[in-house]
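Okay, data21.cif is below, mmCIF, C-alpha atoms, pLDDT in the B column; chains and numbers go by the auth columns:
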data_target
#
loop_
_atom_site.group_PDB
_atom_site.id
_atom_site.type_symbol
_atom_site.label_atom_id
_atom_site.label_comp_id
_atom_site.label_asym_id
_atom_site.label_seq_id
_atom_site.Cartn_x
_atom_site.Cartn_y
_atom_site.Cartn_z
_atom_site.B_iso_or_equiv
_atom_site.auth_seq_id
_atom_site.auth_asym_id
ATOM 1 C CA MET A 1 109.570 -50.150 119.461 50.00 153 A
ATOM 2 C CA GLU A 2 111.286 -50.557 116.084 47.00 154 A
ATOM 3 C CA ASN A 3 109.293 -53.751 115.351 48.00 155 A
ATOM 4 C CA LYS A 4 106.006 -51.946 116.079 47.00 156 A
ATOM 5 C CA THR A 5 106.988 -49.085 113.781 45.00 157 A
ATOM 6 C CA LEU A 6 107.922 -51.502 110.981 44.00 158 A
ATOM 7 C CA ARG A 7 104.613 -53.360 111.317 49.00 159 A
ATOM 8 C CA SER A 8 102.688 -50.077 111.121 49.00 160 A
ATOM 9 C CA ALA A 9 104.604 -49.044 108.006 46.00 161 A
ATOM 10 C CA GLY A 10 103.991 -52.454 106.409 49.00 162 A
ATOM 11 C CA LEU A 11 100.256 -52.234 107.053 46.00 163 A
ATOM 12 C CA SER A 12 100.123 -48.720 105.558 49.00 164 A
ATOM 13 C CA LEU A 13 101.989 -49.887 102.457 48.00 165 A
ATOM 14 C CA ALA A 14 99.613 -52.872 102.008 44.00 166 A
ATOM 15 C CA VAL A 15 96.573 -50.613 102.295 42.00 167 A
ATOM 16 C CA VAL A 16 98.002 -48.265 99.657 41.00 168 A
ATOM 17 C CA LEU A 17 98.777 -51.167 97.290 41.00 169 A
ATOM 18 C CA LEU A 18 95.291 -52.678 97.672 40.00 170 A
ATOM 19 C CA ALA A 19 93.682 -49.298 97.043 41.00 171 A
ATOM 20 C CA SER A 20 95.746 -48.742 93.925 44.00 172 A
ATOM 21 C CA VAL A 21 94.873 -52.209 92.568 42.00 173 A
ATOM 22 C CA GLY A 22 91.174 -51.628 93.166 45.00 174 A
ATOM 23 C CA LEU A 23 91.197 -48.311 91.313 42.00 175 A
ATOM 24 C CA SER A 24 93.353 -49.355 88.359 45.00 176 A
ATOM 25 C CA GLY A 25 90.372 -50.700 86.327 46.00 177 A
ATOM 26 C CA CYS A 26 88.287 -47.551 86.683 43.00 178 A
ATOM 27 C CA VAL A 27 88.865 -44.366 84.709 41.00 179 A
ATOM 28 C CA THR A 28 86.983 -41.199 85.627 43.00 180 A
ATOM 29 C CA VAL A 29 86.480 -38.032 83.629 42.00 181 A
ATOM 30 C CA GLN A 30 85.940 -34.808 85.504 47.00 182 A
ATOM 31 C CA PRO A 31 83.535 -32.528 83.572 46.00 183 A
ATOM 32 C CA GLU A 32 83.280 -28.800 84.120 48.00 184 A
ATOM 33 C CA ASN A 33 80.404 -29.149 86.631 49.00 185 A
ATOM 34 C CA ASP A 34 82.714 -31.210 88.906 49.00 186 A
ATOM 35 C CA VAL A 35 80.462 -34.311 88.702 47.00 187 A
ATOM 36 C CA PRO A 36 82.587 -37.440 88.195 49.00 188 A
ATOM 37 C CA THR A 37 81.510 -39.536 85.232 45.00 189 A
ATOM 38 C CA SER A 38 82.628 -43.071 84.514 45.00 190 A
ATOM 39 C CA SER A 39 83.850 -43.627 81.006 46.00 191 A
ATOM 40 C CA ALA A 40 82.434 -46.458 78.876 47.00 192 A
ATOM 41 C CA PRO A 41 84.676 -49.476 78.331 46.00 193 A
ATOM 42 C CA ILE A 42 86.646 -49.360 75.075 44.00 194 A
ATOM 43 C CA THR A 43 86.236 -52.322 72.765 46.00 195 A
ATOM 44 C CA SER A 44 88.106 -53.222 69.592 43.00 196 A
ATOM 45 C CA PRO A 45 86.199 -52.437 66.321 43.00 197 A
ATOM 46 C CA SER A 46 87.290 -55.804 64.956 43.00 198 A
ATOM 47 C CA ALA A 47 85.357 -57.542 67.695 42.00 199 A
ATOM 48 C CA GLU A 48 82.064 -55.791 66.818 45.00 200 A
ATOM 49 C CA MET A 49 79.522 -57.171 64.359 45.00 201 A
ATOM 50 C CA THR A 50 77.200 -54.727 62.704 44.00 202 A
ATOM 51 C CA GLY A 51 73.642 -55.487 61.660 44.00 203 A
ATOM 52 C CA ASP A 52 74.705 -55.615 57.960 47.00 204 A
ATOM 53 C CA SER A 53 77.416 -58.176 58.479 45.00 205 A
ATOM 54 C CA ALA A 54 76.800 -61.871 58.062 45.00 206 A
ATOM 55 C CA PRO A 55 78.558 -64.879 59.550 47.00 207 A
ATOM 56 C CA ALA A 56 81.414 -66.349 57.555 49.00 208 A
ATOM 57 C CA GLY A 57 80.242 -68.815 54.929 48.00 209 A
ATOM 58 C CA ASP A 58 76.722 -67.351 54.700 46.00 210 A
ATOM 59 C CA THR A 59 76.149 -66.369 51.035 41.00 211 A
ATOM 60 C CA SER A 60 72.382 -65.954 51.174 40.00 212 A
ATOM 61 C CA ALA A 61 72.691 -62.148 50.961 40.00 213 A
ATOM 62 C CA ALA A 62 75.284 -62.156 48.139 38.00 214 A
ATOM 63 C CA PRO A 63 73.980 -60.830 44.758 34.00 215 A
ATOM 64 C CA THR A 64 73.732 -63.344 41.931 32.00 216 A
ATOM 65 C CA THR A 65 75.385 -62.677 38.562 32.00 217 A
ATOM 66 C CA ALA A 66 73.667 -65.471 36.620 34.00 218 A
ATOM 67 C CA SER A 67 70.968 -64.157 34.312 34.00 219 A
ATOM 68 C CA ASP A 68 67.884 -65.964 33.142 37.00 220 A
ATOM 69 C CA PRO A 69 68.912 -68.317 30.294 36.00 221 A
ATOM 70 C CA ALA A 70 65.688 -67.518 28.463 35.00 222 A
ATOM 71 C CA ALA A 71 66.637 -63.841 28.387 32.00 223 A
ATOM 72 C CA GLN A 72 69.946 -64.673 26.700 35.00 224 A
ATOM 73 C CA GLN A 73 68.332 -66.480 23.777 32.00 225 A
ATOM 74 C CA THR A 74 67.753 -64.278 20.748 28.00 226 A
ATOM 75 C CA GLY A 75 66.522 -64.980 17.253 33.00 227 A
ATOM 76 C CA PRO A 76 68.876 -65.390 14.275 38.00 228 A
ATOM 77 C CA THR A 77 69.255 -61.703 13.426 50.00 229 A
ATOM 78 C CA ASP A 78 72.880 -61.655 12.318 84.00 230 A
ATOM 79 C CA PHE A 79 73.712 -61.682 8.619 89.00 231 A
ATOM 80 C CA ASP A 80 75.388 -65.099 8.483 91.00 232 A
ATOM 81 C CA SER A 81 72.411 -66.837 10.088 91.00 233 A
ATOM 82 C CA LEU A 82 69.954 -65.202 7.719 92.00 234 A
ATOM 83 C CA PHE A 83 72.186 -65.911 4.720 94.00 235 A
ATOM 84 C CA ASN A 84 72.518 -69.578 5.659 94.00 236 A
ATOM 85 C CA SER A 85 68.779 -69.916 6.154 94.00 237 A
ATOM 86 C CA ILE A 86 68.260 -68.795 2.527 96.00 238 A
ATOM 87 C CA VAL A 87 70.903 -71.253 1.280 96.00 239 A
ATOM 88 C CA GLN A 88 69.292 -74.165 3.118 96.00 240 A
ATOM 89 C CA ALA A 89 65.787 -73.307 1.921 96.00 241 A
ATOM 90 C CA ALA A 90 66.784 -72.753 -1.744 97.00 242 A
ATOM 91 C CA ASP A 91 64.931 -74.817 -4.334 95.00 243 A
ATOM 92 C CA THR A 92 67.284 -73.690 -7.137 96.00 244 A
ATOM 93 C CA GLN A 93 71.104 -73.629 -7.107 96.00 245 A
ATOM 94 C CA LEU A 94 73.071 -71.590 -9.644 95.00 246 A
ATOM 95 C CA GLU A 95 76.815 -71.127 -10.021 93.00 247 A
ATOM 96 C CA CYS A 96 79.060 -68.545 -11.631 93.00 248 A
ATOM 97 C CA LEU A 97 81.863 -70.441 -13.359 87.00 249 A
ATOM 98 C CA ASP A 98 85.472 -69.489 -13.982 75.00 250 A
ATOM 99 C CA ASP A 99 86.159 -68.388 -17.578 65.00 251 A
ATOM 100 C CA ASP A 100 89.037 -70.868 -17.875 60.00 252 A
ATOM 101 C CA ALA A 101 86.904 -73.810 -16.753 60.00 253 A
ATOM 102 C CA SER A 102 84.030 -73.243 -19.164 60.00 254 A
ATOM 103 C CA GLY A 103 85.695 -71.503 -22.087 64.00 255 A
ATOM 104 C CA ARG A 104 82.860 -68.918 -22.147 67.00 256 A
ATOM 105 C CA ASP A 105 83.554 -65.256 -21.572 66.00 257 A
ATOM 106 C CA ASP A 106 80.176 -64.757 -19.884 69.00 258 A
ATOM 107 C CA ALA A 107 80.266 -67.836 -17.667 74.00 259 A
ATOM 108 C CA ASP A 108 80.484 -65.620 -14.600 84.00 260 A
ATOM 109 C CA ASP A 109 77.354 -63.644 -15.620 91.00 261 A
ATOM 110 C CA LEU A 110 73.851 -64.705 -14.609 94.00 262 A
ATOM 111 C CA THR A 111 70.363 -63.448 -15.421 95.00 263 A
ATOM 112 C CA VAL A 112 67.644 -64.551 -13.009 96.00 264 A
ATOM 113 C CA SER A 113 64.217 -64.305 -14.608 96.00 265 A
ATOM 114 C CA ASP A 114 62.303 -66.757 -12.365 93.00 266 A
ATOM 115 C CA SER A 115 59.644 -65.576 -9.942 96.00 267 A
ATOM 116 C CA ASP A 116 58.266 -66.786 -6.614 96.00 268 A
ATOM 117 C CA SER A 117 61.226 -69.002 -5.689 97.00 269 A
ATOM 118 C CA ILE A 118 64.291 -69.242 -3.452 97.00 270 A
ATOM 119 C CA ILE A 119 67.668 -69.280 -5.221 98.00 271 A
ATOM 120 C CA SER A 120 71.230 -69.858 -4.029 98.00 272 A
ATOM 121 C CA ILE A 121 74.069 -68.508 -6.222 97.00 273 A
ATOM 122 C CA THR A 122 77.643 -69.622 -5.584 96.00 274 A
ATOM 123 C CA GLY A 123 80.967 -68.837 -7.215 94.00 275 A
ATOM 124 C CA ASP A 124 82.646 -65.541 -8.060 93.00 276 A
ATOM 125 C CA CYS A 125 80.109 -63.666 -10.207 95.00 277 A
ATOM 126 C CA ASP A 126 80.898 -60.720 -12.420 94.00 278 A
ATOM 127 C CA ASP A 127 77.320 -59.604 -13.193 95.00 279 A
ATOM 128 C CA VAL A 128 74.027 -60.822 -11.763 97.00 280 A
ATOM 129 C CA ILE A 129 70.858 -59.361 -13.278 97.00 281 A
ATOM 130 C CA VAL A 130 67.559 -60.024 -11.517 98.00 282 A
ATOM 131 C CA THR A 131 64.474 -59.471 -13.688 97.00 283 A
ATOM 132 C CA GLY A 132 62.088 -61.729 -11.763 97.00 284 A
ATOM 133 C CA ASN A 133 59.711 -60.825 -8.947 98.00 285 A
ATOM 134 C CA ASN A 134 59.057 -62.148 -5.444 97.00 286 A
ATOM 135 C CA LEU A 135 62.443 -63.876 -5.251 97.00 287 A
ATOM 136 C CA THR A 136 64.629 -64.649 -2.241 97.00 288 A
ATOM 137 C CA ILE A 137 68.264 -64.957 -3.344 98.00 289 A
ATOM 138 C CA SER A 138 71.594 -65.604 -1.640 98.00 290 A
ATOM 139 C CA ILE A 139 74.770 -64.678 -3.538 97.00 291 A
ATOM 140 C CA VAL A 140 78.257 -65.515 -2.316 96.00 292 A
ATOM 141 C CA GLU A 141 80.169 -62.916 -4.370 95.00 293 A
ATOM 142 C CA VAL A 142 79.231 -60.512 -7.175 95.00 294 A
ATOM 143 C CA ASP A 143 80.851 -57.413 -8.651 95.00 295 A
ATOM 144 C CA ASP A 144 77.760 -55.810 -10.201 97.00 296 A
ATOM 145 C CA LEU A 145 74.231 -56.610 -9.040 98.00 297 A
ATOM 146 C CA ARG A 146 71.398 -55.173 -11.132 98.00 298 A
ATOM 147 C CA ILE A 147 67.800 -55.514 -10.033 98.00 299 A
ATOM 148 C CA ARG A 148 65.011 -54.801 -12.499 97.00 300 A
ATOM 149 C CA GLY A 149 62.282 -56.820 -10.827 97.00 301 A
ATOM 150 C CA ASN A 150 60.122 -56.013 -7.822 98.00 302 A
ATOM 151 C CA ASN A 151 59.626 -57.284 -4.296 97.00 303 A
ATOM 152 C CA ASN A 152 62.857 -59.305 -4.129 98.00 304 A
ATOM 153 C CA ILE A 153 64.975 -60.110 -1.072 97.00 305 A
ATOM 154 C CA ILE A 154 68.678 -60.517 -1.871 97.00 306 A
ATOM 155 C CA ALA A 155 71.522 -61.310 0.543 97.00 307 A
ATOM 156 C CA VAL A 156 75.102 -60.940 -0.722 96.00 308 A
ATOM 157 C CA GLN A 157 78.208 -61.909 1.198 94.00 309 A
ATOM 158 C CA ASP A 158 80.616 -59.823 -0.944 93.00 310 A
ATOM 159 C CA LEU A 159 79.211 -57.016 -3.108 94.00 311 A
ATOM 160 C CA ASP A 160 80.927 -54.226 -5.084 94.00 312 A
ATOM 161 C CA ASP A 161 78.102 -52.354 -6.866 96.00 313 A
ATOM 162 C CA VAL A 162 74.302 -52.509 -6.850 97.00 314 A
ATOM 163 C CA GLN A 163 71.864 -50.788 -9.223 97.00 315 A
ATOM 164 C CA VAL A 164 68.151 -51.006 -8.589 98.00 316 A
ATOM 165 C CA HIS A 165 65.468 -50.052 -11.109 96.00 317 A
ATOM 166 C CA GLY A 166 62.566 -51.959 -9.573 96.00 318 A
ATOM 167 C CA SER A 167 60.529 -51.265 -6.457 97.00 319 A
ATOM 168 C CA GLU A 168 60.170 -52.731 -2.968 97.00 320 A
ATOM 169 C CA ASN A 169 63.413 -54.681 -3.141 98.00 321 A
ATOM 170 C CA VAL A 170 65.542 -55.483 -0.096 97.00 322 A
ATOM 171 C CA VAL A 171 69.307 -55.918 -0.526 97.00 323 A
ATOM 172 C CA GLY A 172 71.621 -56.679 2.402 95.00 324 A
ATOM 173 C CA TRP A 173 75.354 -57.423 2.411 93.00 325 A
ATOM 174 C CA ASN A 174 77.952 -58.578 4.869 90.00 326 A
ATOM 175 C CA PRO A 175 80.125 -55.617 5.981 80.00 327 A
ATOM 176 C CA VAL A 176 82.818 -58.032 7.223 83.00 328 A
ATOM 177 C CA HIS A 177 84.176 -58.654 3.718 72.00 329 A
ATOM 178 C CA GLU A 178 84.675 -55.078 2.537 64.00 330 A
ATOM 179 C CA ASP A 179 83.287 -51.542 2.600 78.00 331 A
ATOM 180 C CA ASP A 180 79.753 -50.728 1.569 85.00 332 A
ATOM 181 C CA PRO A 181 79.134 -51.076 -2.173 91.00 333 A
ATOM 182 C CA ASP A 182 78.386 -48.256 -4.581 94.00 334 A
ATOM 183 C CA ILE A 183 74.606 -47.852 -4.703 95.00 335 A
ATOM 184 C CA VAL A 184 72.380 -46.491 -7.488 96.00 336 A
ATOM 185 C CA ASP A 185 68.674 -46.540 -6.648 97.00 337 A
ATOM 186 C CA ARG A 186 66.381 -45.527 -9.508 96.00 338 A
ATOM 187 C CA GLY A 187 63.348 -47.355 -8.163 95.00 339 A
ATOM 188 C CA SER A 188 61.061 -46.696 -5.206 96.00 340 A
ATOM 189 C CA ASP A 189 60.613 -48.084 -1.702 96.00 341 A
ATOM 190 C CA ASN A 190 63.844 -50.088 -1.817 97.00 342 A
ATOM 191 C CA VAL A 191 65.886 -50.922 1.299 96.00 343 A
ATOM 192 C CA LEU A 192 69.591 -51.096 0.420 96.00 344 A
ATOM 193 C CA ARG A 193 71.932 -51.389 3.393 92.00 345 A
ATOM 194 C CA HIS A 194 74.054 -54.005 5.156 89.00 346 A
ATOM 195 C CA ASP A 195 71.441 -54.695 7.850 88.00 347 A
ATOM 196 C CA ALA A 196 68.463 -54.662 5.473 91.00 348 A
ATOM 197 C CA LEU A 197 67.675 -58.349 6.055 89.00 349 A
ATOM 198 C CA GLY A 198 66.675 -57.509 9.602 85.00 350 A
ATOM 199 C CA THR A 199 63.699 -55.574 8.213 84.00 351 A
ATOM 200 C CA THR A 200 62.243 -58.635 6.454 86.00 352 A
ATOM 201 C CA ASP A 201 60.316 -61.682 7.577 82.00 353 A
ATOM 202 C CA LEU A 202 62.256 -64.673 6.278 82.00 354 A
ATOM 203 C CA SER A 203 59.855 -67.513 6.982 78.00 355 A
ATOM 204 C CA PHE A 204 60.344 -70.559 4.782 72.00 356 A
#
Could I get this structure in the form of structure tokens?
Amino acid sequence: MENKTLRSAGLSLAVVLLASVGLSGCVTVQPENDVPTSSAPITSPSAEMTGDSAPAGDTSAAPTTASDPAAQQTGPTDFDSLFNSIVQAADTQLECLDDDASGRDDADDLTVSDSDSIISITGDCDDVIVTGNNLTISIVEVDDLRIRGNNNIIAVQDLDDVQVHGSENVVGWNPVHEDDPDIVDRGSDNVLRHDALGTTDLSF
């Protein structure tokens, strides 16, 4: 009798264990209308791949940062490039000399009376007077620049003062060396500013 009772209890325990194992993978949610609803399986977000994601190593969708090389090329618009182009194209070279080297008090003064030419002036000039017309001039350094002619283009690396009495002259200077010069304009239609060379067509 005891063996039969033990066998019956063992069978009941096995049935309960099997039933619990079978139900352990299923979770039910009981809504208010008493209709059982099976919940969806929960997955890890790290295991999902969205439509916007790409496999590792695929760079076809990555934006490029390299720009068109042709778009990066610009013309020589900076002062140094324009100044050097005048120096290289000059058909006349002049120089302001040191007083001690020449023995003349006015060795650092120049008067340019030519016309229709390209001139390069080097040295440390005290006064440069331009009376000619249709000139293109580069000057390394001058204290006082006086322009009495017309239609001249003058580039100066280092300039203290400029006085213009003519018309349609263009004077540009390099702002790297010092502040803007003192300007006196008694002519008409003159362009006198550090970026003035950008308004001209320097074609040699």
Discussion item. One number please: atom CA of Leu246 of chain A to atom CA of Asn285 of chain A, in Å, one decimal.
Written reply: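 Taking atom CA of Leu246 of chain A as the start and atom CA of Asn285 of chain A as the end point, the length is 17.2 Å.
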Practice prompt. Please write as an MDAnalysis selection string the full residue list that the PyMOL selection byres ((chain A and resi 265) around 8) yields on this file.
Written response: chainID A and resid 263:264 266:267 282:284
Discussion item. Running the PyMOL selection byres ((chain A and resi 286) around 8) on this model by hand, what would come out? Give it as a ChimeraX atom specification.
Written reply: /A:267-269,284-285,287-288,302-305
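The smallest atom-to-atom distance between Asp230 of chain A and any of A:Gly301, A:Pro333, A:Pro327, A:Gly339, using all atoms listed in the file, is found for A:Pro327.
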Can you tell me which residues surround Thr351 of chain A at a distance of at most 10 Å, considering all atoms listed in the file, apart from same-chain residues fewer than 3 positions away, and format the answer as a CSV table (one decimal) with C-alpha atoms, in the frame of the given file?
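Full text of part_33.csv as output:
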chain,number,residue,atom,x,y,z
A,229,THR,CA,69.3,-61.7,13.4
A,322,VAL,CA,65.5,-55.5,-0.1
A,324,GLY,CA,71.6,-56.7,2.4
A,343,VAL,CA,65.9,-50.9,1.3
A,347,ASP,CA,71.4,-54.7,7.8
A,348,ALA,CA,68.5,-54.7,5.5
A,354,LEU,CA,62.3,-64.7,6.3
Fill in: Reference answer for the PyMOL selection byres ((chain A and resi 315-320) around 6), as a PyMOL selection string
chain A and resi 298-303+314+321+336-342
Response to the item:
Students should find that atom CA of Asp312 of chain A and atom CA of Ile291 of chain A are spaced 12.2 Å
Worksheet item: Which distance in Å separates atom CA of Cys277 of chain A and atom CA of Glu293 of chain A, to one decimal?
Response: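 The value is 5.9 Å.
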Item to complete: Between A:Asp276, A:Asn236, A:Leu262, A:Ala307, single out the one closest to Asp250 of chain A, counting all atoms listed in the file.
Response: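 Between A:Asp276, A:Asn236, A:Leu262, A:Ala307, the residue approaching Asp250 of chain A most closely is A:Asp276.
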Worksheet item: Hey, which of A:Ile306, A:Leu349, A:Val323, A:Ile289 ends up closest to Ser233 of chain A? Count all atoms listed in the file.
Response: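 Among the listed residues, A:Leu349 lies closest to Ser233 of chain A.
Between Asn326 of chain A and the candidates A:Gln309, A:Thr244, A:Ser237, A:Thr274, the tightest atom-to-atom separation, counting only C-alpha atoms, involves A:Gln309.
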Item to complete: Can you work out which one of A:Leu234, A:Gln240, A:Asp295, A:Asp313 has the shortest atom-to-atom distance to Asp261 of chain A, counting all atoms listed in the file?
Response: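 Closest residue, counting all atoms listed in the file: A:Asp295.
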Item to complete: Kindly indicate which residue among A:Ile335, A:Val328, A:Ala241, A:Leu344 lies nearest to Ile270 of chain A, using all atoms listed in the file for the distances.
Response: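 Going through A:Ile335, A:Val328, A:Ala241, A:Leu344 one by one, the smallest distance to Ile270 of chain A is for A:Ala241.
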Could you work out an axis-aligned bounding box for all listed atoms of segment 287-302 of chain A, with 3 Å added on each of the six sides, and give its centre and edge lengths in Å to one decimal, as lines of an AutoDock Vina configuration file?
center_x = 70.5
center_y = -60.2
center_z = -7.1
size_x = 26.7
size_y = 16.8
size_z = 16.9
Since the input is missing atoms, can you rebuild N, CA and C atoms for segment 229-245 of chain A and write them as a PDB file, keeping the file's coordinate frame?
ATOM      1  N   THR A 229      69.332 -63.013  14.072  1.00 50.00           N
ATOM      2  CA  THR A 229      69.255 -61.703  13.426  1.00 50.00           C
ATOM      3  C   THR A 229      70.556 -61.308  12.730  1.00 50.00           C
ATOM      4  N   ASP A 230      71.637 -62.041  12.961  1.00 84.00           N
ATOM      5  CA  ASP A 230      72.880 -61.655  12.318  1.00 84.00           C
ATOM      6  C   ASP A 230      72.882 -62.094  10.852  1.00 84.00           C
ATOM      7  N   PHE A 231      73.721 -61.458  10.071  1.00 89.00           N
ATOM      8  CA  PHE A 231      73.712 -61.682   8.619  1.00 89.00           C
ATOM      9  C   PHE A 231      73.989 -63.136   8.259  1.00 89.00           C
ATOM     10  N   ASP A 232      75.012 -63.733   8.853  1.00 91.00           N
ATOM     11  CA  ASP A 232      75.388 -65.099   8.483  1.00 91.00           C
ATOM     12  C   ASP A 232      74.247 -66.084   8.710  1.00 91.00           C
ATOM     13  N   SER A 233      73.527 -65.932   9.811  1.00 91.00           N
ATOM     14  CA  SER A 233      72.411 -66.837  10.088  1.00 91.00           C
ATOM     15  C   SER A 233      71.309 -66.685   9.058  1.00 91.00           C
ATOM     16  N   LEU A 234      70.989 -65.439   8.721  1.00 92.00           N
ATOM     17  CA  LEU A 234      69.954 -65.202   7.719  1.00 92.00           C
ATOM     18  C   LEU A 234      70.396 -65.689   6.344  1.00 92.00           C
ATOM     19  N   PHE A 235      71.666 -65.457   6.007  1.00 94.00           N
ATOM     20  CA  PHE A 235      72.186 -65.911   4.720  1.00 94.00           C
ATOM     21  C   PHE A 235      72.108 -67.440   4.624  1.00 94.00           C
ATOM     22  N   ASN A 236      72.539 -68.117   5.661  1.00 94.00           N
ATOM     23  CA  ASN A 236      72.518 -69.578   5.659  1.00 94.00           C
ATOM     24  C   ASN A 236      71.108 -70.136   5.607  1.00 94.00           C
ATOM     25  N   SER A 237      70.160 -69.436   6.206  1.00 94.00           N
ATOM     26  CA  SER A 237      68.779 -69.916   6.154  1.00 94.00           C
ATOM     27  C   SER A 237      68.234 -69.865   4.728  1.00 94.00           C
ATOM     28  N   ILE A 238      68.667 -68.867   3.938  1.00 96.00           N
ATOM     29  CA  ILE A 238      68.260 -68.795   2.527  1.00 96.00           C
ATOM     30  C   ILE A 238      68.899 -69.940   1.739  1.00 96.00           C
ATOM     31  N   VAL A 239      70.193 -70.179   1.978  1.00 96.00           N
ATOM     32  CA  VAL A 239      70.903 -71.253   1.280  1.00 96.00           C
ATOM     33  C   VAL A 239      70.238 -72.600   1.544  1.00 96.00           C
ATOM     34  N   GLN A 240      69.879 -72.870   2.773  1.00 96.00           N
ATOM     35  CA  GLN A 240      69.292 -74.165   3.118  1.00 96.00           C
ATOM     36  C   GLN A 240      67.880 -74.335   2.568  1.00 96.00           C
ATOM     37  N   ALA A 241      67.166 -73.219   2.413  1.00 96.00           N
ATOM     38  CA  ALA A 241      65.787 -73.307   1.921  1.00 96.00           C
ATOM     39  C   ALA A 241      65.690 -73.226   0.399  1.00 96.00           C
ATOM     40  N   ALA A 242      66.806 -72.979  -0.286  1.00 97.00           N
ATOM     41  CA  ALA A 242      66.784 -72.753  -1.744  1.00 97.00           C
ATOM     42  C   ALA A 242      66.278 -73.982  -2.494  1.00 97.00           C
ATOM     43  N   ASP A 243      65.400 -73.737  -3.465  1.00 95.00           N
ATOM     44  CA  ASP A 243      64.931 -74.817  -4.334  1.00 95.00           C
ATOM     45  C   ASP A 243      65.650 -74.807  -5.680  1.00 95.00           C
ATOM     46  N   THR A 244      66.487 -73.776  -5.901  1.00 96.00           N
ATOM     47  CA  THR A 244      67.284 -73.690  -7.137  1.00 96.00           C
ATOM     48  C   THR A 244      68.697 -73.265  -6.782  1.00 96.00           C
ATOM     49  N   GLN A 245      69.703 -73.979  -7.321  1.00 96.00           N
ATOM     50  CA  GLN A 245      71.104 -73.629  -7.107  1.00 96.00           C
ATOM     51  C   GLN A 245      71.735 -73.239  -8.446  1.00 96.00           C
TER      52      GLN A 245
END
